[in-house]
$ cat structure_23.txt   # compact mmCIF, N, CA and C atoms
# COMPACT_ATOMS: atom_id res chain seq x y z
N MET A 1321 154.89 87.51 90.72
CA MET A 1321 154.56 87.65 89.33
C MET A 1321 153.71 86.46 88.90
N ALA A 1322 152.65 86.74 88.15
CA ALA A 1322 151.77 85.69 87.68
C ALA A 1322 152.45 84.89 86.57
N GLU A 1323 152.22 83.60 86.58
CA GLU A 1323 152.79 82.74 85.55
C GLU A 1323 152.06 82.96 84.24
N ARG A 1324 152.80 83.09 83.14
CA ARG A 1324 152.23 83.25 81.81
C ARG A 1324 152.80 82.16 80.94
N ILE A 1325 151.95 81.39 80.32
CA ILE A 1325 152.38 80.26 79.51
C ILE A 1325 152.05 80.54 78.05
N VAL A 1326 153.00 80.29 77.17
CA VAL A 1326 152.77 80.42 75.74
C VAL A 1326 151.71 79.40 75.35
N GLU A 1327 150.69 79.84 74.61
CA GLU A 1327 149.60 78.95 74.25
C GLU A 1327 149.84 78.21 72.95
N ALA A 1328 150.60 78.81 72.07
CA ALA A 1328 150.91 78.15 70.80
C ALA A 1328 152.23 78.70 70.28
N ALA A 1329 152.95 77.88 69.56
CA ALA A 1329 154.22 78.30 68.97
C ALA A 1329 154.39 77.59 67.63
N LEU A 1330 154.88 78.32 66.66
CA LEU A 1330 155.15 77.76 65.34
C LEU A 1330 156.52 78.21 64.90
N SER A 1331 157.27 77.32 64.29
CA SER A 1331 158.57 77.67 63.74
C SER A 1331 158.57 77.40 62.25
N ASP A 1332 159.24 78.26 61.50
CA ASP A 1332 159.38 77.98 60.08
C ASP A 1332 160.52 77.00 59.84
N GLY A 1333 161.22 76.62 60.93
CA GLY A 1333 162.30 75.65 60.85
C GLY A 1333 163.60 76.21 60.30
N VAL A 1334 163.61 77.49 59.96
CA VAL A 1334 164.80 78.08 59.36
C VAL A 1334 165.22 79.36 60.08
N SER A 1335 164.34 80.36 60.08
CA SER A 1335 164.77 81.67 60.57
C SER A 1335 163.93 82.26 61.68
N THR A 1336 162.67 81.84 61.83
CA THR A 1336 161.80 82.47 62.83
C THR A 1336 160.91 81.47 63.55
N ALA A 1337 160.42 81.90 64.70
CA ALA A 1337 159.38 81.20 65.44
C ALA A 1337 158.37 82.24 65.87
N THR A 1338 157.11 81.87 65.90
CA THR A 1338 156.05 82.77 66.33
C THR A 1338 155.42 82.20 67.59
N PHE A 1339 155.32 83.03 68.64
CA PHE A 1339 154.77 82.63 69.92
C PHE A 1339 153.50 83.40 70.19
N PHE A 1340 152.45 82.70 70.66
CA PHE A 1340 151.14 83.28 70.89
C PHE A 1340 150.79 83.21 72.37
N LEU A 1341 150.26 84.31 72.90
CA LEU A 1341 149.79 84.37 74.28
C LEU A 1341 148.57 85.28 74.31
N THR A 1342 147.47 84.75 74.78
CA THR A 1342 146.17 85.42 74.79
C THR A 1342 145.89 86.06 73.45
N ASP A 1343 145.73 87.38 73.37
CA ASP A 1343 145.35 88.02 72.11
C ASP A 1343 146.53 88.68 71.42
N GLN A 1344 147.75 88.18 71.66
CA GLN A 1344 148.94 88.78 71.10
C GLN A 1344 149.91 87.72 70.57
N TYR A 1345 150.87 88.17 69.77
CA TYR A 1345 151.92 87.26 69.31
C TYR A 1345 153.20 88.05 69.08
N VAL A 1346 154.32 87.34 69.08
CA VAL A 1346 155.62 87.92 68.74
C VAL A 1346 156.31 86.99 67.75
N ILE A 1347 157.20 87.56 66.96
CA ILE A 1347 158.00 86.78 66.02
C ILE A 1347 159.44 86.83 66.51
N TYR A 1348 159.98 85.66 66.82
CA TYR A 1348 161.36 85.55 67.30
C TYR A 1348 162.26 85.24 66.12
N ASP A 1349 163.35 85.99 66.00
CA ASP A 1349 164.31 85.83 64.91
C ASP A 1349 165.52 85.07 65.44
N TYR A 1350 165.78 83.86 64.91
CA TYR A 1350 166.90 83.05 65.38
C TYR A 1350 168.24 83.74 65.14
N ALA A 1351 168.41 84.40 63.99
CA ALA A 1351 169.70 85.00 63.64
C ALA A 1351 170.10 86.12 64.59
N THR A 1352 169.13 86.95 65.00
CA THR A 1352 169.44 88.07 65.90
C THR A 1352 169.23 87.71 67.36
N ASP A 1353 168.63 86.53 67.61
CA ASP A 1353 168.36 86.07 68.97
C ASP A 1353 167.49 87.07 69.74
N ARG A 1354 166.48 87.58 69.06
CA ARG A 1354 165.55 88.51 69.70
C ARG A 1354 164.23 88.58 68.95
N VAL A 1355 163.25 89.18 69.59
CA VAL A 1355 161.93 89.36 69.00
C VAL A 1355 161.99 90.48 67.96
N ARG A 1356 161.36 90.25 66.82
CA ARG A 1356 161.26 91.26 65.76
C ARG A 1356 160.07 92.18 66.03
N ASP A 1357 160.21 93.43 65.84
CA ASP A 1357 159.10 94.40 65.76
C ASP A 1357 158.16 94.43 66.95
N GLY A 1358 158.50 93.87 68.09
CA GLY A 1358 157.67 93.97 69.28
C GLY A 1358 156.46 93.05 69.28
N ILE A 1359 155.49 93.40 70.10
CA ILE A 1359 154.28 92.60 70.32
C ILE A 1359 153.19 93.04 69.35
N HIS A 1360 152.49 92.06 68.75
CA HIS A 1360 151.43 92.35 67.79
C HIS A 1360 150.11 91.76 68.27
N PRO A 1361 148.97 92.40 67.98
CA PRO A 1361 147.67 91.81 68.31
C PRO A 1361 147.30 90.73 67.30
N LEU A 1362 146.49 89.76 67.71
CA LEU A 1362 146.05 88.71 66.78
C LEU A 1362 145.31 89.28 65.58
N THR A 1363 144.75 90.48 65.74
CA THR A 1363 144.06 91.10 64.61
C THR A 1363 145.01 91.43 63.47
N GLU A 1364 146.33 91.36 63.72
CA GLU A 1364 147.32 91.60 62.67
C GLU A 1364 148.01 90.31 62.21
N PHE A 1365 147.44 89.15 62.57
CA PHE A 1365 148.05 87.89 62.16
C PHE A 1365 147.25 87.29 61.02
N PRO A 1366 147.90 86.68 60.04
CA PRO A 1366 149.33 86.66 59.83
C PRO A 1366 149.82 87.98 59.28
N VAL A 1367 151.12 88.24 59.41
CA VAL A 1367 151.69 89.47 58.89
C VAL A 1367 151.36 89.57 57.41
N GLY A 1368 150.81 90.69 57.01
CA GLY A 1368 150.44 90.89 55.61
C GLY A 1368 148.99 90.58 55.32
N ALA A 1369 148.28 89.96 56.28
CA ALA A 1369 146.87 89.64 56.06
C ALA A 1369 146.03 90.91 56.27
N ALA A 1370 144.87 90.94 55.66
CA ALA A 1370 144.02 92.12 55.73
C ALA A 1370 143.40 92.33 57.11
N SER A 1371 142.94 91.27 57.77
CA SER A 1371 142.17 91.50 58.98
C SER A 1371 142.45 90.54 60.13
N GLY A 1372 143.44 89.70 60.06
CA GLY A 1372 143.74 88.79 61.16
C GLY A 1372 142.75 87.65 61.25
N PHE A 1373 142.77 86.96 62.40
CA PHE A 1373 141.85 85.84 62.61
C PHE A 1373 140.41 86.32 62.50
N PRO A 1374 139.54 85.55 61.85
CA PRO A 1374 138.13 85.92 61.80
C PRO A 1374 137.56 86.04 63.22
N ALA A 1375 136.70 87.00 63.44
CA ALA A 1375 136.15 87.26 64.77
C ALA A 1375 135.45 86.04 65.36
N SER A 1376 134.84 85.22 64.53
CA SER A 1376 134.14 84.04 65.04
C SER A 1376 135.10 83.00 65.62
N PHE A 1377 136.37 83.04 65.22
CA PHE A 1377 137.35 82.08 65.71
C PHE A 1377 138.13 82.64 66.90
N ALA A 1378 138.55 83.88 66.82
CA ALA A 1378 139.35 84.50 67.87
C ALA A 1378 138.83 85.90 68.15
N PRO A 1379 137.79 86.03 68.95
CA PRO A 1379 137.26 87.35 69.25
C PRO A 1379 138.34 88.24 69.87
N SER A 1380 138.25 89.52 69.63
CA SER A 1380 139.26 90.43 70.17
C SER A 1380 139.11 90.59 71.67
N GLY A 1381 140.20 90.97 72.31
CA GLY A 1381 140.19 91.23 73.74
C GLY A 1381 141.02 90.24 74.51
N PRO A 1382 141.23 90.50 75.80
CA PRO A 1382 142.14 89.69 76.60
C PRO A 1382 141.64 88.28 76.90
N THR A 1383 140.38 87.97 76.59
CA THR A 1383 139.89 86.61 76.84
C THR A 1383 140.22 85.68 75.68
N THR A 1384 140.75 86.22 74.62
CA THR A 1384 141.12 85.42 73.46
C THR A 1384 142.33 84.57 73.78
N SER A 1385 142.31 83.33 73.38
CA SER A 1385 143.50 82.49 73.49
C SER A 1385 143.37 81.34 72.51
N LEU A 1386 144.48 80.92 71.98
CA LEU A 1386 144.53 79.75 71.13
C LEU A 1386 144.86 78.55 72.00
N ASP A 1387 144.36 77.38 71.66
CA ASP A 1387 144.71 76.18 72.41
C ASP A 1387 146.09 75.68 71.99
N THR A 1388 146.35 75.66 70.69
CA THR A 1388 147.65 75.22 70.19
C THR A 1388 147.76 75.53 68.71
N GLY A 1389 148.92 75.33 68.17
CA GLY A 1389 149.17 75.52 66.75
C GLY A 1389 150.04 74.40 66.23
N LEU A 1390 150.02 74.19 64.93
CA LEU A 1390 150.77 73.09 64.32
C LEU A 1390 151.17 73.50 62.91
N ARG A 1391 152.42 73.31 62.56
CA ARG A 1391 152.90 73.59 61.20
C ARG A 1391 152.60 72.37 60.34
N GLY A 1392 152.08 72.58 59.14
CA GLY A 1392 151.82 71.49 58.22
C GLY A 1392 153.12 70.90 57.70
N LYS A 1393 153.06 69.66 57.27
CA LYS A 1393 154.24 68.98 56.72
C LYS A 1393 153.85 68.26 55.44
N GLY A 1394 154.86 67.82 54.70
CA GLY A 1394 154.61 67.09 53.45
C GLY A 1394 153.77 67.92 52.50
N PRO A 1395 152.68 67.35 51.99
CA PRO A 1395 151.85 68.10 51.04
C PRO A 1395 151.13 69.30 51.68
N TYR A 1396 151.20 69.41 53.00
CA TYR A 1396 150.56 70.52 53.72
C TYR A 1396 151.58 71.49 54.30
N ALA A 1397 152.81 71.44 53.81
CA ALA A 1397 153.90 72.25 54.35
C ALA A 1397 153.66 73.75 54.19
N GLU A 1398 152.83 74.16 53.26
CA GLU A 1398 152.58 75.59 53.08
C GLU A 1398 151.49 76.12 54.04
N PHE A 1399 151.04 75.28 54.96
CA PHE A 1399 149.98 75.69 55.88
C PHE A 1399 150.43 75.63 57.33
N ALA A 1400 149.75 76.41 58.16
CA ALA A 1400 149.84 76.30 59.62
C ALA A 1400 148.41 76.13 60.11
N TYR A 1401 148.24 75.41 61.20
CA TYR A 1401 146.91 75.13 61.74
C TYR A 1401 146.82 75.67 63.17
N PHE A 1402 145.71 76.32 63.48
CA PHE A 1402 145.48 76.85 64.82
C PHE A 1402 144.20 76.25 65.37
N PHE A 1403 144.26 75.81 66.62
CA PHE A 1403 143.14 75.15 67.27
C PHE A 1403 142.63 75.99 68.42
N ARG A 1404 141.32 76.11 68.51
CA ARG A 1404 140.68 76.85 69.60
C ARG A 1404 139.32 76.22 69.87
N GLY A 1405 139.14 75.70 71.07
CA GLY A 1405 137.88 75.04 71.39
C GLY A 1405 137.65 73.86 70.46
N ALA A 1406 136.47 73.80 69.86
CA ALA A 1406 136.12 72.68 68.98
C ALA A 1406 136.39 72.99 67.51
N ASN A 1407 137.12 74.08 67.23
CA ASN A 1407 137.37 74.49 65.86
C ASN A 1407 138.85 74.68 65.56
N TYR A 1408 139.16 74.74 64.28
CA TYR A 1408 140.51 75.06 63.85
C TYR A 1408 140.46 75.97 62.63
N MET A 1409 141.56 76.67 62.40
CA MET A 1409 141.72 77.52 61.22
C MET A 1409 143.01 77.10 60.53
N ARG A 1410 143.01 77.17 59.21
CA ARG A 1410 144.20 76.86 58.43
C ARG A 1410 144.69 78.15 57.77
N VAL A 1411 145.99 78.40 57.89
CA VAL A 1411 146.59 79.60 57.30
C VAL A 1411 147.58 79.16 56.23
N ARG A 1412 147.44 79.73 55.05
CA ARG A 1412 148.43 79.51 53.98
C ARG A 1412 149.57 80.48 54.28
N THR A 1413 150.70 79.96 54.74
CA THR A 1413 151.77 80.80 55.27
C THR A 1413 152.42 81.68 54.21
N ALA A 1414 152.66 81.18 53.02
CA ALA A 1414 153.33 81.98 52.00
C ALA A 1414 152.48 83.16 51.55
N ALA A 1415 151.17 82.96 51.48
CA ALA A 1415 150.27 84.02 51.01
C ALA A 1415 149.71 84.84 52.16
N ALA A 1416 150.02 84.46 53.41
CA ALA A 1416 149.50 85.16 54.58
C ALA A 1416 147.99 85.32 54.51
N SER A 1417 147.30 84.18 54.29
CA SER A 1417 145.85 84.23 54.19
C SER A 1417 145.22 82.98 54.79
N PHE A 1418 144.01 83.14 55.30
CA PHE A 1418 143.28 82.00 55.83
C PHE A 1418 142.67 81.23 54.67
N ASP A 1419 142.72 79.91 54.75
CA ASP A 1419 142.26 79.08 53.65
C ASP A 1419 141.65 77.81 54.21
N PRO A 1420 140.34 77.70 54.33
CA PRO A 1420 139.31 78.66 53.93
C PRO A 1420 139.17 79.78 54.95
N LEU A 1421 138.27 80.70 54.69
CA LEU A 1421 138.13 81.89 55.53
C LEU A 1421 137.34 81.66 56.81
N GLU A 1422 136.71 80.50 56.96
CA GLU A 1422 135.93 80.25 58.17
C GLU A 1422 136.54 79.12 58.99
N ALA A 1423 136.19 79.11 60.27
CA ALA A 1423 136.66 78.04 61.16
C ALA A 1423 136.00 76.73 60.75
N ARG A 1424 136.71 75.63 61.00
CA ARG A 1424 136.19 74.30 60.70
C ARG A 1424 136.22 73.48 61.98
N PRO A 1425 135.35 72.47 62.10
CA PRO A 1425 135.33 71.65 63.31
C PRO A 1425 136.56 70.74 63.41
N ILE A 1426 137.12 70.62 64.62
CA ILE A 1426 138.25 69.73 64.84
C ILE A 1426 137.87 68.28 64.55
N SER A 1427 136.60 67.96 64.59
CA SER A 1427 136.17 66.59 64.32
C SER A 1427 136.65 66.10 62.96
N LEU A 1428 136.96 67.01 62.05
CA LEU A 1428 137.50 66.61 60.75
C LEU A 1428 138.87 65.95 60.87
N TRP A 1429 139.55 66.13 62.00
CA TRP A 1429 140.85 65.50 62.24
C TRP A 1429 140.70 64.10 62.85
N ASN A 1430 139.47 63.67 63.11
CA ASN A 1430 139.18 62.35 63.68
C ASN A 1430 139.81 62.12 65.05
N LEU A 1431 139.90 63.17 65.85
CA LEU A 1431 140.39 63.04 67.23
C LEU A 1431 139.23 62.66 68.13
N PRO A 1432 139.47 61.89 69.17
CA PRO A 1432 138.39 61.56 70.11
C PRO A 1432 137.86 62.83 70.77
N GLY A 1433 136.58 62.86 71.05
CA GLY A 1433 135.96 64.01 71.69
C GLY A 1433 136.60 64.37 73.01
N SER A 1434 137.17 63.39 73.71
CA SER A 1434 137.80 63.66 75.00
C SER A 1434 139.07 64.51 74.85
N PHE A 1435 139.58 64.67 73.63
CA PHE A 1435 140.78 65.48 73.39
C PHE A 1435 140.45 66.93 73.07
N ILE A 1436 139.19 67.27 73.00
CA ILE A 1436 138.80 68.63 72.62
C ILE A 1436 138.28 69.37 73.84
N PRO A 1437 138.83 70.56 74.15
CA PRO A 1437 139.87 71.26 73.42
C PRO A 1437 141.25 70.66 73.68
N LEU A 1438 142.15 70.86 72.73
CA LEU A 1438 143.51 70.34 72.82
C LEU A 1438 144.33 71.14 73.82
N ASP A 1439 145.32 70.50 74.43
CA ASP A 1439 146.27 71.21 75.28
C ASP A 1439 147.51 71.63 74.51
N ALA A 1440 147.98 70.77 73.60
CA ALA A 1440 149.19 71.07 72.85
C ALA A 1440 149.27 70.16 71.64
N ALA A 1441 150.13 70.55 70.69
CA ALA A 1441 150.40 69.73 69.50
C ALA A 1441 151.80 70.06 69.01
N PHE A 1442 152.46 69.07 68.42
CA PHE A 1442 153.73 69.34 67.77
C PHE A 1442 154.01 68.30 66.72
N ASN A 1443 154.91 68.64 65.81
CA ASN A 1443 155.32 67.74 64.73
C ASN A 1443 156.43 66.83 65.20
N GLY A 1444 156.41 65.59 64.73
CA GLY A 1444 157.49 64.67 65.02
C GLY A 1444 158.73 65.02 64.20
N ALA A 1445 159.85 64.42 64.55
CA ALA A 1445 161.11 64.65 63.83
C ALA A 1445 161.86 63.34 63.70
N LEU A 1446 162.91 63.38 62.93
CA LEU A 1446 163.77 62.22 62.70
C LEU A 1446 162.96 61.02 62.24
N ASN A 1447 162.96 59.91 63.00
CA ASN A 1447 162.22 58.72 62.55
C ASN A 1447 160.71 58.85 62.78
N ARG A 1448 160.25 59.96 63.33
CA ARG A 1448 158.82 60.22 63.53
C ARG A 1448 158.36 61.43 62.72
N ASP A 1449 159.12 61.75 61.67
CA ASP A 1449 158.87 62.95 60.87
C ASP A 1449 157.48 62.96 60.22
N ALA A 1450 156.94 61.82 59.92
CA ALA A 1450 155.64 61.74 59.24
C ALA A 1450 154.45 61.92 60.19
N TYR A 1451 154.72 62.12 61.48
CA TYR A 1451 153.65 62.17 62.48
C TYR A 1451 153.53 63.54 63.13
N CYS A 1452 152.33 63.81 63.63
CA CYS A 1452 152.14 64.94 64.55
C CYS A 1452 151.49 64.37 65.80
N TYR A 1453 151.68 65.05 66.90
CA TYR A 1453 151.20 64.57 68.20
C TYR A 1453 150.25 65.59 68.81
N PHE A 1454 149.14 65.09 69.34
CA PHE A 1454 148.15 65.93 70.01
C PHE A 1454 148.09 65.51 71.47
N PHE A 1455 148.03 66.49 72.37
CA PHE A 1455 148.04 66.22 73.81
C PHE A 1455 146.81 66.78 74.49
N LYS A 1456 146.34 66.00 75.47
CA LYS A 1456 145.25 66.43 76.35
C LYS A 1456 145.55 65.81 77.71
N ALA A 1457 145.78 66.65 78.72
CA ALA A 1457 146.14 66.21 80.06
C ALA A 1457 147.34 65.26 79.98
N ASP A 1458 147.20 64.03 80.48
CA ASP A 1458 148.33 63.09 80.50
C ASP A 1458 148.27 62.07 79.36
N GLN A 1459 147.55 62.40 78.28
CA GLN A 1459 147.42 61.48 77.15
C GLN A 1459 147.87 62.15 75.86
N TYR A 1460 148.24 61.34 74.88
CA TYR A 1460 148.56 61.86 73.56
C TYR A 1460 148.12 60.88 72.49
N ILE A 1461 147.95 61.42 71.30
CA ILE A 1461 147.62 60.63 70.12
C ILE A 1461 148.65 60.98 69.06
$ encode --input "structure_23.txt" --output "C-alpha cells"
Amino acid sequence: MAERIVEAALSDGVSTATFFLTDQYVIYDYATDRVRDGIHPLTEFPVGAASGFPASFAPSGPTTSLDTGLRGKGPYAEFAYFFRGANYMRVRTAAASFDPLEARPISLWNLPGSFIPLDAAFNGALNRDAYCYFFKADQYI
C-alpha cells in the first residue's frame, strides 16, 4: 500500500478537526470519534462556501495539494490560513468565506525564501501560546 500523508490539518480546539489530502478533506468529530459526512472535494471547502478554494490557488484534480494550514490566534482567531507554493489564502471560519478572495504571497509573513514552500506549520501552546511555528526540512522558525 502506498503511503499517504495528511498535508494539512486544522482543529477548532473544541469539537472538530479537518484533515486535507490532495484535492479532498474530511471533518473529524471528537465527540463521535469518527469522520462526519465522508470525504469532500476542496471545491466544497469551507462548508457553506459558494465555490471552494479559488481555482488560481488550488486547481481541481488529483495534482492539487496544500502545503500546510494554520489556525489563527488572538486577534486572528476567526481565521484559518492555508499555504500552497509561494501563496496563502485566509478563510474567515465563522462566515465560511475567503477573506480576501484572492491568494496572497507568503512573503507578507516575512519568512525567508528558503522556507517556501512550507513543509508544515502549527500553533504553540501553554507557555508558547503566542507563537506559531513554520517548518522546512530540518529547520523551523
$ axis_aligned_box --input "structure_23.txt" --around "segment 1442-1447 of chain A" --padding-each-side "8 Å" --output "lines of an AutoDock Vina configuration file"
center_x = 158.1
center_y = 64.0
center_z = 65.3
size_x = 27.3
size_y = 26.6
size_z = 22.2
$ residues_around --input "structure_23.txt" --residues "segment 1402-1411 of chain A" --least-positions-apart "3" --cutoff "7 Å" --atoms "only N, CA and C atoms" --output "NGL selection string"
:A and (1377 or 1385-1390 or 1398-1399 or 1414 or 1416-1420 or 1422-1427 or 1436-1438)
$ write_last_selection --input "structure_23.txt" --atoms "N, CA and C atoms" --output "short mmCIF file (atom, residue, chain, number, x, y, z; two decimals), in the coordinates of the input"
data_model
loop_
_atom_site.label_atom_id
_atom_site.label_comp_id
_atom_site.auth_asym_id
_atom_site.auth_seq_id
_atom_site.Cartn_x
_atom_site.Cartn_y
_atom_site.Cartn_z
N PHE A 1377 136.37 83.04 65.22
CA PHE A 1377 137.35 82.08 65.71
C PHE A 1377 138.13 82.64 66.90
N SER A 1385 142.31 83.33 73.38
CA SER A 1385 143.50 82.49 73.49
C SER A 1385 143.37 81.34 72.51
N LEU A 1386 144.48 80.92 71.98
CA LEU A 1386 144.53 79.75 71.13
C LEU A 1386 144.86 78.55 72.00
N ASP A 1387 144.36 77.38 71.66
CA ASP A 1387 144.71 76.18 72.41
C ASP A 1387 146.09 75.68 71.99
N THR A 1388 146.35 75.66 70.69
CA THR A 1388 147.65 75.22 70.19
C THR A 1388 147.76 75.53 68.71
N GLY A 1389 148.92 75.33 68.17
CA GLY A 1389 149.17 75.52 66.75
C GLY A 1389 150.04 74.40 66.23
N LEU A 1390 150.02 74.19 64.93
CA LEU A 1390 150.77 73.09 64.32
C LEU A 1390 151.17 73.50 62.91
N GLU A 1398 152.83 74.16 53.26
CA GLU A 1398 152.58 75.59 53.08
C GLU A 1398 151.49 76.12 54.04
N PHE A 1399 151.04 75.28 54.96
CA PHE A 1399 149.98 75.69 55.88
C PHE A 1399 150.43 75.63 57.33
N ALA A 1414 152.66 81.18 53.02
CA ALA A 1414 153.33 81.98 52.00
C ALA A 1414 152.48 83.16 51.55
N ALA A 1416 150.02 84.46 53.41
CA ALA A 1416 149.50 85.16 54.58
C ALA A 1416 147.99 85.32 54.51
N SER A 1417 147.30 84.18 54.29
CA SER A 1417 145.85 84.23 54.19
C SER A 1417 145.22 82.98 54.79
N PHE A 1418 144.01 83.14 55.30
CA PHE A 1418 143.28 82.00 55.83
C PHE A 1418 142.67 81.23 54.67
N ASP A 1419 142.72 79.91 54.75
CA ASP A 1419 142.26 79.08 53.65
C ASP A 1419 141.65 77.81 54.21
N PRO A 1420 140.34 77.70 54.33
CA PRO A 1420 139.31 78.66 53.93
C PRO A 1420 139.17 79.78 54.95
N GLU A 1422 136.71 80.50 56.96
CA GLU A 1422 135.93 80.25 58.17
C GLU A 1422 136.54 79.12 58.99
N ALA A 1423 136.19 79.11 60.27
CA ALA A 1423 136.66 78.04 61.16
C ALA A 1423 136.00 76.73 60.75
N ARG A 1424 136.71 75.63 61.00
CA ARG A 1424 136.19 74.30 60.70
C ARG A 1424 136.22 73.48 61.98
N PRO A 1425 135.35 72.47 62.10
CA PRO A 1425 135.33 71.65 63.31
C PRO A 1425 136.56 70.74 63.41
N ILE A 1426 137.12 70.62 64.62
CA ILE A 1426 138.25 69.73 64.84
C ILE A 1426 137.87 68.28 64.55
N SER A 1427 136.60 67.96 64.59
CA SER A 1427 136.17 66.59 64.32
C SER A 1427 136.65 66.10 62.96
N ILE A 1436 139.19 67.27 73.00
CA ILE A 1436 138.80 68.63 72.62
C ILE A 1436 138.28 69.37 73.84
N PRO A 1437 138.83 70.56 74.15
CA PRO A 1437 139.87 71.26 73.42
C PRO A 1437 141.25 70.66 73.68
N LEU A 1438 142.15 70.86 72.73
CA LEU A 1438 143.51 70.34 72.82
C LEU A 1438 144.33 71.14 73.82
#
$ residues_around --input "structure_23.txt" --residues "Lys1456 of chain A" --least-positions-apart "6" --cutoff "6 Å" --atoms "all atoms listed in the file" --output "PyMOL selection string"
chain A and resi 1435+1438-1440
$ select_by_dssp --input "structure_23.txt" --residues "chain A" --states "strand (DSSP E)" --output "ChimeraX atom specification"
/A:1328-1331,1336-1341,1344-1349,1354-1361,1388-1391,1399-1404,1407-1412,1417-1418,1424-1425,1440-1443,1452-1456,1459-1460
$ atom_distance --input "structure_23.txt" --atom1 "atom N of Asp1332 of chain A" --atom2 "atom C of Tyr1348 of chain A"
8.9 Å
$ atom_distance --input "structure_23.txt" --atom1 "atom N of Asp1353 of chain A" --atom2 "atom N of Ala1329 of chain A"
18.0 Å
$ closest_residue --input "structure_23.txt" --among "A:Ser1434, A:Arg1412, A:Gly1333, A:Asp1449" --to "Ala1400 of chain A" --atoms "only C-alpha atoms"
A:Arg1412
$ atom_distance --input "structure_23.txt" --atom1 "atom C of Thr1342 of chain A" --atom2 "atom N of Ala1441 of chain A"
16.3 Å
$ residues_around --input "structure_23.txt" --residues "segment 1337-1341 of chain A" --least-positions-apart "6" --cutoff "10 Å" --atoms "only C-alpha atoms" --output "list in words"
Arg1324, Ile1325, Val1326, Glu1327, Ala1328, Ala1329, Leu1330, Ser1331, Ile1347, Tyr1348, Asp1349, Tyr1350, Val1355, Arg1356, Ile1359, His1360, Pro1361, Leu1362, Pro1382, Thr1384, Ser1385, Leu1386, Asp1387, Thr1388 and Gly1389 of chain A
$ write_last_selection --input "structure_23.txt" --atoms "N, CA and C atoms" --output "compact mmCIF listing (two decimals), keeping the file's coordinate frame"
# COMPACT_ATOMS: atom_id res chain seq x y z
N ARG A 1324 152.80 83.09 83.14
CA ARG A 1324 152.23 83.25 81.81
C ARG A 1324 152.80 82.16 80.94
N ILE A 1325 151.95 81.39 80.32
CA ILE A 1325 152.38 80.26 79.51
C ILE A 1325 152.05 80.54 78.05
N VAL A 1326 153.00 80.29 77.17
CA VAL A 1326 152.77 80.42 75.74
C VAL A 1326 151.71 79.40 75.35
N GLU A 1327 150.69 79.84 74.61
CA GLU A 1327 149.60 78.95 74.25
C GLU A 1327 149.84 78.21 72.95
N ALA A 1328 150.60 78.81 72.07
CA ALA A 1328 150.91 78.15 70.80
C ALA A 1328 152.23 78.70 70.28
N ALA A 1329 152.95 77.88 69.56
CA ALA A 1329 154.22 78.30 68.97
C ALA A 1329 154.39 77.59 67.63
N LEU A 1330 154.88 78.32 66.66
CA LEU A 1330 155.15 77.76 65.34
C LEU A 1330 156.52 78.21 64.90
N SER A 1331 157.27 77.32 64.29
CA SER A 1331 158.57 77.67 63.74
C SER A 1331 158.57 77.40 62.25
N ILE A 1347 157.20 87.56 66.96
CA ILE A 1347 158.00 86.78 66.02
C ILE A 1347 159.44 86.83 66.51
N TYR A 1348 159.98 85.66 66.82
CA TYR A 1348 161.36 85.55 67.30
C TYR A 1348 162.26 85.24 66.12
N ASP A 1349 163.35 85.99 66.00
CA ASP A 1349 164.31 85.83 64.91
C ASP A 1349 165.52 85.07 65.44
N TYR A 1350 165.78 83.86 64.91
CA TYR A 1350 166.90 83.05 65.38
C TYR A 1350 168.24 83.74 65.14
N VAL A 1355 163.25 89.18 69.59
CA VAL A 1355 161.93 89.36 69.00
C VAL A 1355 161.99 90.48 67.96
N ARG A 1356 161.36 90.25 66.82
CA ARG A 1356 161.26 91.26 65.76
C ARG A 1356 160.07 92.18 66.03
N ILE A 1359 155.49 93.40 70.10
CA ILE A 1359 154.28 92.60 70.32
C ILE A 1359 153.19 93.04 69.35
N HIS A 1360 152.49 92.06 68.75
CA HIS A 1360 151.43 92.35 67.79
C HIS A 1360 150.11 91.76 68.27
N PRO A 1361 148.97 92.40 67.98
CA PRO A 1361 147.67 91.81 68.31
C PRO A 1361 147.30 90.73 67.30
N LEU A 1362 146.49 89.76 67.71
CA LEU A 1362 146.05 88.71 66.78
C LEU A 1362 145.31 89.28 65.58
N PRO A 1382 141.23 90.50 75.80
CA PRO A 1382 142.14 89.69 76.60
C PRO A 1382 141.64 88.28 76.90
N THR A 1384 140.75 86.22 74.62
CA THR A 1384 141.12 85.42 73.46
C THR A 1384 142.33 84.57 73.78
N SER A 1385 142.31 83.33 73.38
CA SER A 1385 143.50 82.49 73.49
C SER A 1385 143.37 81.34 72.51
N LEU A 1386 144.48 80.92 71.98
CA LEU A 1386 144.53 79.75 71.13
C LEU A 1386 144.86 78.55 72.00
N ASP A 1387 144.36 77.38 71.66
CA ASP A 1387 144.71 76.18 72.41
C ASP A 1387 146.09 75.68 71.99
N THR A 1388 146.35 75.66 70.69
CA THR A 1388 147.65 75.22 70.19
C THR A 1388 147.76 75.53 68.71
N GLY A 1389 148.92 75.33 68.17
CA GLY A 1389 149.17 75.52 66.75
C GLY A 1389 150.04 74.40 66.23
$ residues_around --input "structure_23.txt" --residues "Phe1373 of chain A" --least-positions-apart "5" --cutoff "9 Å" --atoms "only C-alpha atoms" --output "ChimeraX atom specification"
/A:1362-1366,1378-1379,1409,1418,1421
$ select_by_dssp --input "structure_23.txt" --residues "chain A" --states "helix (DSSP H, G or I)" --output "list in words"
Leu1362, Thr1363, Glu1364, Gly1394, Pro1395, Tyr1396, Ile1426, Ser1427, Leu1428, Trp1429, Gly1433, Ser1434, Phe1435, Leu1446, Asn1447 and Arg1448 of chain A
$ residues_around --input "structure_23.txt" --residues "Ile1461 of chain A" --least-positions-apart "4" --cutoff "10 Å" --atoms "only C-alpha atoms" --output "MDAnalysis selection string"
chainID A and resid 1431:1432 1435 1441 1451:1456
